[in-house]
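Okay, so here's the structure we're looking at.
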6 protein chains.
Amino acid sequence: MKTMVIRNIRRTDAALVKRLGALGVATVHEAYGRLGLMKPYLRPVWAGGEAAGTAVTVLVHPGDNWMIHVAVEQCKPGDILVVGCSADNSDGMFGDLLATSLMARGVTGLVIDAGVRDAKSLREMGFPVWSNAISAKGTVKATLGAVNVPVVCAGVNVLPGDAVIADDDGVVVIGRKDAADVLTKGEKRHADEAGKRKQLAAGMLGLDMYNMREPLAKAGLVYLDEPDSD
Amino acid sequence: MKTMVIRNIRRTDAALVKRLGALGVATVHEAYGRLGLMKPYLRPVWAGGEAAGTAVTVLVHPGDNWMIHVAVEQCKPGDILVVGCSADNSDGMFGDLLATSLMARGVTGLVIDAGVRDAKSLREMGFPVWSNAISAKGTVKATLGAVNVPVVCAGVNVLPGDAVIADDDGVVVIGRKDAADVLTKGEKRHADEAGKRKQLAAGMLGLDMYNMREPLAKAGLVYLDEPDSD
Amino acid sequence: MKTMVIRNIRRTDAALVKRLGALGVATVHEAYGRLGLMKPYLRPVWAGGEAAGTAVTVLVHPGDNWMIHVAVEQCKPGDILVVGCSADNSDGMFGDLLATSLMARGVTGLVIDAGVRDAKSLREMGFPVWSNAISAKGTVKATLGAVNVPVVCAGVNVLPGDAVIADDDGVVVIGRKDAADVLTKGEKRHADEAGKRKQLAAGMLGLDMYNMREPLAKAGLVYLDEPDSD
Amino acid sequence: MKTMVIRNIRRTDAALVKRLGALGVATVHEAYGRLGLMKPYLRPVWAGGEAAGTAVTVLVHPGDNWMIHVAVEQCKPGDILVVGCSADNSDGMFGDLLATSLMARGVTGLVIDAGVRDAKSLREMGFPVWSNAISAKGTVKATLGAVNVPVVCAGVNVLPGDAVIADDDGVVVIGRKDAADVLTKGEKRHADEAGKRKQLAAGMLGLDMYNMREPLAKAGLVYLDEPDSD
Amino acid sequence: MKTMVIRNIRRTDAALVKRLGALGVATVHEAYGRLGLMKPYLRPVWAGGEAAGTAVTVLVHPGDNWMIHVAVEQCKPGDILVVGCSADNSDGMFGDLLATSLMARGVTGLVIDAGVRDAKSLREMGFPVWSNAISAKGTVKATLGAVNVPVVCAGVNVLPGDAVIADDDGVVVIGRKDAADVLTKGEKRHADEAGKRKQLAAGMLGLDMYNMREPLAKAGLVYLDEPDSD
Amino acid sequence: MKTMVIRNIRRTDAALVKRLGALGVATVHEAYGRLGLMKPYLRPVWAGGEAAGTAVTVLVHPGDNWMIHVAVEQCKPGDILVVGCSADNSDGMFGDLLATSLMARGVTGLVIDAGVRDAKSLREMGFPVWSNAISAKGTVKATLGAVNVPVVCAGVNVLPGDAVIADDDGVVVIGRKDAADVLTKGEKRHADEAGKRKQLAAGMLGLDMYNMREPLAKAGLVYLDEPDSD
């Protein structure tokens with residue numbers, strides 16, 4: 001087992017992360033070439049929460065949240081904690097005490113491929129969490145894992161310092177070196193969408209706006225009227 | 001693959017659909033002899049949304065939403081878009097731009113056996129959606145499907161023009177020719193329930209209201225007191 | 001099949017139940033030695049609901065809610081109805097009429113390893129329900145089960161009269177004879193947490209508060225700095 | 001509920017069905033334009049079983065197998081029994097006694113969106129079954145369904161008399177009027193595959209055999225060598 | 001946590017267990033009033049294995065198999081080890097070394113609501129196992145559970161000494177005091193089935209053998225011929 | 001989207017891979033500090049198959065197997081093809097023609113986080129495959145992915161050239177630079193197990209062999225006799 005804590009990780013530039021967060025998960029994911037999206041079984045504990053931050057990563061084992069306590073110390077303002085687990089587990093590894101601690105350090109949210117508890121308090125505290133379950137199941141503190149090593153969380157390989165954007169649509173992870181490029185493409189995409197939205201609201205068809213009629217016909221699409229007989 | 005679009009479908013009468021919608025999913029489903037209900041894994045994207053409409057049907061393939069763009073053009077005011085997929089898929093095939101387009105055409109909602117994105121915007125726009133997932137996962141536009149052919153969506157075979165009623169309890173589909181009969185039975189059922197609710201609130205037991213005591217005894221039910229020993 | 005109804009069950013003391021309810025599910029579950037928690041697939045129908053009560057238990061069969069009607073008569077003020085099913089089933093066995101009846105009898109909530117319907121009405125009525133699904137699927141009244149026998153519900157064996165506490169974190173069941181002891185431990189735990197929360201909010205680390213540094217080092221945890229090369 | 005039995009259904013021509021069966025599920029599904037395939041959660045109870053037949057359809061309800069007994073009488077040699085259920089259910093609705101009865105009538109197999117039991121006996125009897133579960137869970141005989149009405153089974157709408165082909169790859173359903181056309185396309189496809197298999201075994205690349213290099217380049221695929229640094 | 005080992009448990013009579021095993025899971029489950037069956041997600045690691053024995057029960061926690069080692073010492077010839085877990089977990093808690101140890105003590109099989117590994121060796125050794133997964137995932141030995149306390153395993157509450165019967169159809173548990181009665185009913189049922197099988201093989205219909213025609217008609221079943229038009 | 005093919009990847013030494021394969025998945029996974037194991041939903045298409053090889057990695061999208069055809073050309077003798085998908089998908093992306101092609105190139109197996117078809121042929125050809133489903137569902141060839149980039153497959157991040165070991169217990173991935181070290185530890189572990197197996201078969205208890213009695217007592221385990229009363 002990798003039983004280590006890596007300190008002083010390199011983080012994605014905070015200003016980039018903030019602007020990526022403003023774009024939202026769907027736009028960033030598209031701008032990233034449709035990569036980096038965690039599986040949709042990871043859901044927000046309360047609807048409407050949004051978070052953007054740099055990843056501090058944790059590897060834990062089923063039923064054991066010891067390393068999350070270790071990881072708190074490595075967090076700085078603007079970080080988001082990302083917890084991967086070595087096997088499927090829905091135990092409640094995180095609750096309002098840990099959230100209090102993370103908020104005190106300026107952490108912007110939690111992304112965990114396990115369960116959390118104190119759901120009501122998390123909502124009331126305004127601390128945004130994405131988890132695979134809500135469960136009061138208690139955990140032990142017996143087995144070492146690791147902090148700030150690469151972890152797979154909900155199907156995505158996350159490196160320490162990666163940019164993490166999360167909202168009601170899910171969680172997307174952008175490599176530190178890709179953040180600037182993704183931001184450029186995402187902001188362009190975002191700007192384009194405003195115009196499209198206006199046209200569509202006015203009744204223009206996507207078929208025409210995206211020039212789809214010709215490729216559709218070429219691909220073999222035919223239009224028929226429903227026969228008369230009932 | 002059926003690569004066609006059927007135009008000018010016959011639709012269930014709009015007045016019937018509206019009245020069916022007022023009854024709600026549970027009542028309509030019961031009035032339909034407990035048929036037509038989609039599987040409960042299809043959930044509303046936001047709680048409290050309600051929709052009633054005539055089905056414009058779409059058949060898509062995993063990871064590809066091209067045909068949804070094609071289907072928009074076939075929609076008329078009072079329609080509801082029903083999307084079936086040829087295999088299990090949770091990709092985010094639909095978002096706020098398509099919702100804008102459908103609202104511009106008077107469509108009352110979306111029922112899709114796949115994922116959707118822009119969940120927050122859909123809620124803010126008040127556009128009701130029932131889907132199998134919320135996911136930002138982007139899709140391509142490469143493979144033809146069909147519009148207004150029969151599609152199986154969440155376990156129900158839906159024909160173009162069928163009446164579709166959806167609320168927090170799920171989605172029910174009524175065949176065009178069955179709508180009038182189901183409405184009659186449903187409205188009777190609805191009227192009966194008001195009286196029952198009053199009696200139950202006053203403390204009357206369902207056992208007595210539904211005359212269950214005799215059939216229960218006949219079926220062999222016995223009543224015992226808990227023994228004293230602890 | 002056990003086709004019987006047990007009357008006059010012994011119930012956990014109401015005052016104990018009330019105070020257990022005030023502690024919440026996570027605290028009670030921990031105070032119970034991390035036992036008694038139902039599986040997290042059981043979810044509240046509406047967020048924010050809370051219930052504490054003494055169990056009236058029901059055993060039903062897939063697609064059949066007859067015994068729930070029978071069980072209503074056995075409920076007293078302060079009870080909570082707990083329904084186990086002999087096989088996996090998500091049919092809508094319970095709706096607003098049964099909820100009206102239970103509220104009329106002073107029942108505090110429903111815990112059911114099956115589906116429920118009329119989700120919107122249940123929320124509006126303020127009747128809290130934990131179920132494995134929301135589904136309008138209608139059921140029949142044809143097969144006997146049992147009332148107030150031990151039932152397994154969402155992974156927990158529940159005896160009639162057990163204390164049941166439920167909130168957004170799930171559902172926990174405490175044996176009648178264990179309730180006083182669990183309450184003592186839970187209230188102590190609860191008192192301790194307030195102090196911890198304050199310290200953590202002030203920036204103290206859990207690592208220090210719980211004296212974890214030494215056992216972590218002993219277990220072999222090492223701290224490294226990220227290497228310079230990028 | 002549709003509580004009826006339809007007698008004297010029209011069946012797909014037996015000779016066509018037999019030749020479709022010889023092609024196997026994957027080839028028939030492709031020849032049908034990639035339609036008609038049941039969801040892969042339906043699995044053979046024993047590996048290696050194969051069946052082809054004309055559908056006698058049954059609609060049952062959770063936990064109740066009464067209509068299967070009714071359906072047996074409607075079966076003729078060369079039929080395959082297809083059972084859809086009005087909600088998700090894995091109860092053991094079918095076992096060796098029913099299989100004995102079906103074999104006595106010349107039925108070639110069972111396709112059921114529910115569970116079956118007596119798995120060992122079914123294998124020893126050589127009666128092929130595709131189900132969603134193996135479960136000893138007993139069922140009741142209390143609620144009517146229907147025989148030889150359209151049923152949705154594992155995501156496919158099946159009409160009485162449709163051709164059903166099943167093997168280790170799953171189950172595919174072909175509409176009665178489409179069977180001849182699908183057979184022609186399938187047999188052509190099958191003949192082509194033999195030649196391809198020989199070429200591929202000799203080392204020819206699919207990239208060349210299917211002329212993919214040009215479209216791949218056009219779509220933007222680039223080839224790079226791994227950089228030297230390790 | 002209940003951290004105890006109960007020694008010298010009372011066991012169901014060995015001769016009864018053996019005869020129950022000869023009947024098979026489906027027959028025993030029916031004779032028990034359709035009770036006691038574990039959920040069908042518990043599957044045999046290798047097809048064809050059969051086991052009957054008296055339960056030695058174990059409560060473990062996710063990712064930790066320490067208590068299984070403790071439980072081995074409590075096993076006697078004719079026992080079957082039954083492992084419940086305090087939360088969903090599929091880790092490989094059991095492999096060929098533990099199986100060697102159990103076989104040396106005359107244990108007849110393992111039933112575990114968690115994962116196992118060394119699947120090939122278990123098959124080659126002929127040691128029958130029913131588990132919720134096959135997984136090589138390693139576990140730790142850090143947390144106490146309990147041995148020979150009541151445990152819920154795959155939806156059934158199992159007491160130490162209960163009779164456990166397992167085969168390809170699943171696992172059924174019979175209370176110690178119910179075993180004799182269930183055996184009597186099961187052997188009668190088994191004797192009846194031989195005669196029924198012969199009649200059904202000769203072409204008699206279940207409809208007639210079970211006298212279903214009259215209750216079906218009474219319930220409202222109608223027979224119609226398919227209309228002529230195609 | 002990363003639309004590239006990386007050629008001339010560095011591979012784990014073939015002799016190391018072969019010896020790792022001889023140890024089996026469970027031993028290698030333990031020797032790797034309980035890391036590298038894919039999730040247990042990935043199952044062998046036929047029991048008893050075993051494979052060891054160096055990873056050629058492929059990233060595909062739901063319903064599209066184009067890149068698998070591209071990847072074949074990059075495979076050398078001793079490779080194993082590892083396919084990750086950008087979203088959950090069970091379509092039959094691989095069948096006997098592709099298997100023929102891979103066998104012609106000396107590839108030792110396929111690991112795919114999607115479905116495969118021609119299950120019977122794969123078994124008859126002796127080509128071992130680990131997949132998330134068996135499904136005849138056809139796929140298209142329309143969207144580019146990548147070959148020999150890092151891919152997440154069933155929860156593990158796989159780099160091109162990594163060692164991959166697969167058997168009935170699942171699939172484990174070892175980093176190229178870790179292979180020698182893991183082999184040393186694994187072979188030591190394997191040697192130790194033979195001796196343990198002999199002792200356990202002779203009746204020695206794991207409790208004694210692993211010296212567990214003292215730590216169990218220290219952790220608080222108590223032994224009690226079952227009380228006399230029945």
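Residue numbering restarts at 1 in every chain; chains get A, B, ... in the order shown in the structure tokens, and ligands count up from 1 in that same order.
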
Distance filter 7 Å, only C-alpha atoms, chain A against chain B, as a PyMOL selection string: chain A and resi 25-26+30+34+37+40+48+168-170+197+200-203+205-207+220-226

Okay, now the selection with N, CA, C and O atoms, as an mmCIF file, in the first residue's frame?
```cif
data_model
loop_
_atom_site.group_PDB
_atom_site.id
_atom_site.type_symbol
_atom_site.label_atom_id
_atom_site.label_comp_id
_atom_site.auth_asym_id
_atom_site.auth_seq_id
_atom_site.Cartn_x
_atom_site.Cartn_y
_atom_site.Cartn_z
ATOM 1 N N VAL A 25 -19.936 22.744 -15.251
ATOM 2 C CA VAL A 25 -19.367 21.435 -15.586
ATOM 3 C C VAL A 25 -19.579 21.068 -17.049
ATOM 4 O O VAL A 25 -18.649 20.601 -17.723
ATOM 5 N N ALA A 26 -20.791 21.270 -17.572
ATOM 6 C CA ALA A 26 -21.083 20.811 -18.926
ATOM 7 C C ALA A 26 -20.193 21.526 -19.945
ATOM 8 O O ALA A 26 -19.607 20.893 -20.837
ATOM 9 N N GLU A 30 -17.151 19.780 -22.250
ATOM 10 C CA GLU A 30 -17.146 19.851 -23.713
ATOM 11 C C GLU A 30 -15.861 20.505 -24.220
ATOM 12 O O GLU A 30 -15.252 20.054 -25.190
ATOM 13 N N ARG A 34 -14.658 16.531 -24.313
ATOM 14 C CA ARG A 34 -15.554 15.530 -23.695
ATOM 15 C C ARG A 34 -14.797 14.532 -22.820
ATOM 16 O O ARG A 34 -15.108 13.351 -22.787
ATOM 17 N N LEU A 37 -14.879 13.735 -17.111
ATOM 18 C CA LEU A 37 -16.120 13.744 -16.340
ATOM 19 C C LEU A 37 -16.227 12.513 -15.447
ATOM 20 O O LEU A 37 -16.074 11.388 -15.899
ATOM 21 N N PRO A 40 -21.850 9.493 -13.428
ATOM 22 C CA PRO A 40 -23.005 10.209 -12.881
ATOM 23 C C PRO A 40 -23.576 9.606 -11.592
ATOM 24 O O PRO A 40 -24.499 10.171 -11.031
ATOM 25 N N GLY A 48 -28.024 22.503 -6.090
ATOM 26 C CA GLY A 48 -27.704 23.917 -6.212
ATOM 27 C C GLY A 48 -26.295 24.261 -5.756
ATOM 28 O O GLY A 48 -25.799 25.364 -6.033
ATOM 29 N N ASP A 168 -24.571 20.828 -10.200
ATOM 30 C CA ASP A 168 -25.667 19.846 -10.247
ATOM 31 C C ASP A 168 -25.498 18.822 -11.366
ATOM 32 O O ASP A 168 -26.116 17.759 -11.341
ATOM 33 N N ASP A 169 -24.695 19.144 -12.377
ATOM 34 C CA ASP A 169 -24.496 18.223 -13.500
ATOM 35 C C ASP A 169 -23.418 17.188 -13.239
ATOM 36 O O ASP A 169 -23.221 16.284 -14.058
ATOM 37 N N GLY A 170 -22.669 17.310 -12.143
ATOM 38 C CA GLY A 170 -21.634 16.332 -11.840
ATOM 39 C C GLY A 170 -20.297 16.991 -11.531
ATOM 40 O O GLY A 170 -20.247 18.133 -11.070
ATOM 41 N N ARG A 197 -28.938 30.561 -27.876
ATOM 42 C CA ARG A 197 -30.122 30.468 -27.017
ATOM 43 C C ARG A 197 -31.186 31.464 -27.480
ATOM 44 O O ARG A 197 -32.368 31.157 -27.541
ATOM 45 N N LEU A 200 -32.773 30.197 -30.751
ATOM 46 C CA LEU A 200 -33.673 29.056 -30.513
ATOM 47 C C LEU A 200 -34.954 29.514 -29.816
ATOM 48 O O LEU A 200 -36.052 29.034 -30.139
ATOM 49 N N ALA A 201 -34.811 30.465 -28.884
ATOM 50 C CA ALA A 201 -35.991 30.970 -28.182
ATOM 51 C C ALA A 201 -36.931 31.674 -29.161
ATOM 52 O O ALA A 201 -38.147 31.698 -28.973
ATOM 53 N N ALA A 202 -36.338 32.240 -30.222
ATOM 54 C CA ALA A 202 -37.145 32.935 -31.228
ATOM 55 C C ALA A 202 -37.775 31.967 -32.228
ATOM 56 O O ALA A 202 -38.470 32.373 -33.149
ATOM 57 N N GLY A 203 -37.481 30.678 -32.060
ATOM 58 C CA GLY A 203 -38.148 29.695 -32.913
ATOM 59 C C GLY A 203 -37.274 29.098 -34.002
ATOM 60 O O GLY A 203 -37.712 28.231 -34.757
ATOM 61 N N LEU A 205 -34.795 26.634 -35.760
ATOM 62 C CA LEU A 205 -34.571 25.222 -35.483
ATOM 63 C C LEU A 205 -33.070 24.924 -35.427
ATOM 64 O O LEU A 205 -32.292 25.448 -36.234
ATOM 65 N N GLY A 206 -32.680 24.042 -34.518
ATOM 66 C CA GLY A 206 -31.299 23.577 -34.474
ATOM 67 C C GLY A 206 -30.895 22.953 -35.799
ATOM 68 O O GLY A 206 -29.754 23.089 -36.245
ATOM 69 N N LEU A 207 -31.834 22.268 -36.447
ATOM 70 C CA LEU A 207 -31.583 21.673 -37.761
ATOM 71 C C LEU A 207 -30.998 22.693 -38.728
ATOM 72 O O LEU A 207 -30.106 22.379 -39.527
ATOM 73 N N GLY A 220 -28.928 9.266 -45.094
ATOM 74 C CA GLY A 220 -30.021 8.365 -45.492
ATOM 75 C C GLY A 220 -31.360 8.603 -44.818
ATOM 76 O O GLY A 220 -32.286 7.802 -44.963
ATOM 77 N N LEU A 221 -31.495 9.717 -44.116
ATOM 78 C CA LEU A 221 -32.768 9.961 -43.436
ATOM 79 C C LEU A 221 -33.864 10.282 -44.445
ATOM 80 O O LEU A 221 -33.684 11.103 -45.332
ATOM 81 N N VAL A 222 -35.009 9.635 -44.258
ATOM 82 C CA VAL A 222 -36.152 9.919 -45.134
ATOM 83 C C VAL A 222 -37.335 10.400 -44.313
ATOM 84 O O VAL A 222 -37.490 10.039 -43.153
ATOM 85 N N TYR A 223 -38.155 11.240 -44.938
ATOM 86 C CA TYR A 223 -39.368 11.752 -44.292
ATOM 87 C C TYR A 223 -40.590 11.133 -44.953
ATOM 88 O O TYR A 223 -40.707 11.132 -46.174
ATOM 89 N N LEU A 224 -41.499 10.606 -44.122
ATOM 90 C CA LEU A 224 -42.712 9.984 -44.635
ATOM 91 C C LEU A 224 -43.909 10.550 -43.890
ATOM 92 O O LEU A 224 -43.803 10.952 -42.735
ATOM 93 N N ASP A 225 -45.060 10.567 -44.551
ATOM 94 C CA ASP A 225 -46.282 10.934 -43.838
ATOM 95 C C ASP A 225 -46.928 9.677 -43.280
ATOM 96 O O ASP A 225 -46.835 8.601 -43.877
ATOM 97 N N GLU A 226 -47.553 9.807 -42.158
ATOM 98 C CA GLU A 226 -48.239 8.666 -41.557
ATOM 99 C C GLU A 226 -49.360 8.247 -42.495
ATOM 100 O O GLU A 226 -50.099 9.084 -43.005
#
```

Per-residue DSSP, stretch 78-181 of chain B, filtered to strand (DSSP E or B), as number ranges by chain: B: 79-85, 92, 109-116, 129-134, 140, 146-147, 151-153, 156-158, 163-167, 170-174

Keeping only N, CA and C atoms, write those residues as a compact mmCIF listing (two decimals), in the first residue's frame.
```txt
# COMPACT_ATOMS: atom_id res chain seq x y z
N ASP B 79 -47.34 18.92 -27.27
CA ASP B 79 -46.62 17.65 -27.36
C ASP B 79 -45.67 17.48 -26.18
N ILE B 80 -45.28 16.22 -25.98
CA ILE B 80 -44.24 15.89 -25.02
C ILE B 80 -43.27 14.99 -25.77
N LEU B 81 -41.97 15.24 -25.62
CA LEU B 81 -40.99 14.46 -26.38
C LEU B 81 -40.62 13.23 -25.57
N VAL B 82 -40.67 12.05 -26.23
CA VAL B 82 -40.37 10.78 -25.56
C VAL B 82 -39.21 10.12 -26.30
N VAL B 83 -38.10 9.93 -25.60
CA VAL B 83 -36.88 9.42 -26.23
C VAL B 83 -36.53 8.04 -25.68
N GLY B 84 -36.50 7.05 -26.55
CA GLY B 84 -36.03 5.72 -26.20
C GLY B 84 -34.64 5.51 -26.78
N CYS B 85 -33.84 4.67 -26.13
CA CYS B 85 -32.48 4.44 -26.60
C CYS B 85 -32.30 2.94 -26.84
N GLY B 92 -25.52 12.68 -21.29
CA GLY B 92 -26.32 13.89 -21.21
C GLY B 92 -26.77 14.35 -22.59
N GLY B 109 -42.90 19.01 -22.07
CA GLY B 109 -41.94 18.29 -21.24
C GLY B 109 -41.13 17.29 -22.03
N LEU B 110 -40.18 16.66 -21.36
CA LEU B 110 -39.32 15.66 -21.98
C LEU B 110 -39.30 14.41 -21.10
N VAL B 111 -39.42 13.25 -21.75
CA VAL B 111 -39.28 11.96 -21.07
C VAL B 111 -38.20 11.20 -21.82
N ILE B 112 -37.09 10.87 -21.17
CA ILE B 112 -35.94 10.32 -21.90
C ILE B 112 -35.27 9.20 -21.12
N ASP B 113 -35.09 8.06 -21.78
CA ASP B 113 -34.41 6.92 -21.16
C ASP B 113 -32.91 7.04 -21.42
N ALA B 114 -32.37 8.16 -20.96
CA ALA B 114 -30.94 8.47 -21.07
C ALA B 114 -30.72 9.63 -20.10
N GLY B 115 -29.55 10.24 -20.13
CA GLY B 115 -29.27 11.33 -19.21
C GLY B 115 -29.56 12.70 -19.81
N VAL B 116 -29.60 13.71 -18.93
CA VAL B 116 -29.72 15.10 -19.38
C VAL B 116 -28.72 15.95 -18.57
N VAL B 129 -38.59 17.61 -16.87
CA VAL B 129 -37.88 16.52 -17.54
C VAL B 129 -37.85 15.29 -16.64
N TRP B 130 -38.10 14.13 -17.22
CA TRP B 130 -37.94 12.84 -16.54
C TRP B 130 -36.85 12.09 -17.29
N SER B 131 -35.78 11.69 -16.57
CA SER B 131 -34.64 11.04 -17.21
C SER B 131 -34.11 9.91 -16.35
N ASN B 132 -33.19 9.11 -16.89
CA ASN B 132 -32.62 8.03 -16.07
C ASN B 132 -31.35 8.48 -15.35
N ALA B 133 -30.88 9.70 -15.65
CA ALA B 133 -29.66 10.20 -15.01
C ALA B 133 -29.52 11.68 -15.27
N ILE B 134 -28.73 12.33 -14.42
CA ILE B 134 -28.26 13.68 -14.72
C ILE B 134 -26.77 13.52 -14.97
N VAL B 140 -22.36 12.74 -29.47
CA VAL B 140 -22.02 13.07 -30.85
C VAL B 140 -23.28 13.12 -31.70
N ALA B 146 -34.70 7.26 -35.49
CA ALA B 146 -36.00 7.48 -36.13
C ALA B 146 -36.85 8.40 -35.27
N VAL B 147 -37.83 9.04 -35.92
CA VAL B 147 -38.77 9.91 -35.22
C VAL B 147 -40.19 9.45 -35.53
N VAL B 151 -41.47 3.34 -29.87
CA VAL B 151 -40.22 3.14 -29.12
C VAL B 151 -40.55 2.60 -27.73
N VAL B 152 -39.67 1.73 -27.24
CA VAL B 152 -39.78 1.30 -25.85
C VAL B 152 -38.96 2.27 -25.00
N CYS B 153 -39.62 2.90 -24.04
CA CYS B 153 -38.97 3.86 -23.15
C CYS B 153 -39.24 3.43 -21.71
N VAL B 156 -41.95 0.73 -21.36
CA VAL B 156 -43.28 0.90 -21.96
C VAL B 156 -43.14 1.14 -23.46
N ASN B 157 -43.98 0.48 -24.24
CA ASN B 157 -43.99 0.70 -25.67
C ASN B 157 -44.84 1.94 -25.95
N VAL B 158 -44.24 2.98 -26.51
CA VAL B 158 -44.93 4.25 -26.74
C VAL B 158 -45.15 4.46 -28.24
N ALA B 163 -51.08 9.55 -25.23
CA ALA B 163 -51.12 10.53 -24.14
C ALA B 163 -50.06 10.15 -23.10
N VAL B 164 -49.30 11.14 -22.66
CA VAL B 164 -48.25 10.92 -21.68
C VAL B 164 -48.49 11.86 -20.50
N ILE B 165 -48.56 11.29 -19.30
CA ILE B 165 -48.77 12.07 -18.08
C ILE B 165 -47.59 11.81 -17.15
N ALA B 166 -47.01 12.88 -16.60
CA ALA B 166 -45.82 12.71 -15.76
C ALA B 166 -45.87 13.66 -14.58
N ASP B 167 -45.48 13.12 -13.41
CA ASP B 167 -45.34 13.97 -12.22
C ASP B 167 -44.32 13.33 -11.28
N GLY B 170 -43.83 9.50 -11.39
CA GLY B 170 -43.33 8.81 -12.56
C GLY B 170 -44.03 9.23 -13.83
N VAL B 171 -44.07 8.33 -14.80
CA VAL B 171 -44.61 8.62 -16.13
C VAL B 171 -45.53 7.49 -16.56
N VAL B 172 -46.73 7.84 -17.02
CA VAL B 172 -47.66 6.83 -17.52
C VAL B 172 -48.07 7.19 -18.94
N VAL B 173 -48.26 6.16 -19.77
CA VAL B 173 -48.58 6.34 -21.19
C VAL B 173 -49.91 5.67 -21.48
N ILE B 174 -50.82 6.40 -22.12
CA ILE B 174 -52.14 5.86 -22.44
C ILE B 174 -52.32 5.86 -23.96
```

Helix (DSSP H, G or I) call set, DSSP backbone run, stretch 16-161 of chain E, as an MDAnalysis selection string: chainID E and resid 16:23 25:31 66:72 96:104 119:125

Test item: residues at most 12 Å from C:Thr184, only C-alpha atoms, excluding those fewer than 5 positions along its chain, as a PyMOL selection string: chain C and resi 16+19-20+23+27-28+31-32+178-179+189-191

Exercise: E:Asp13 partners within 10 Å, only C-alpha atoms, chain neighbours under 5 positions left out, as a list in words: Lys18, Gly53, Thr54, Gly161, Asp162, Ala163, Arg176, Lys177, Ala179 and Ala180 of chain E

Atomic separation - atom CA of E:Arg213 relative to atom CA of B:Leu35, Å: 24.6 Å
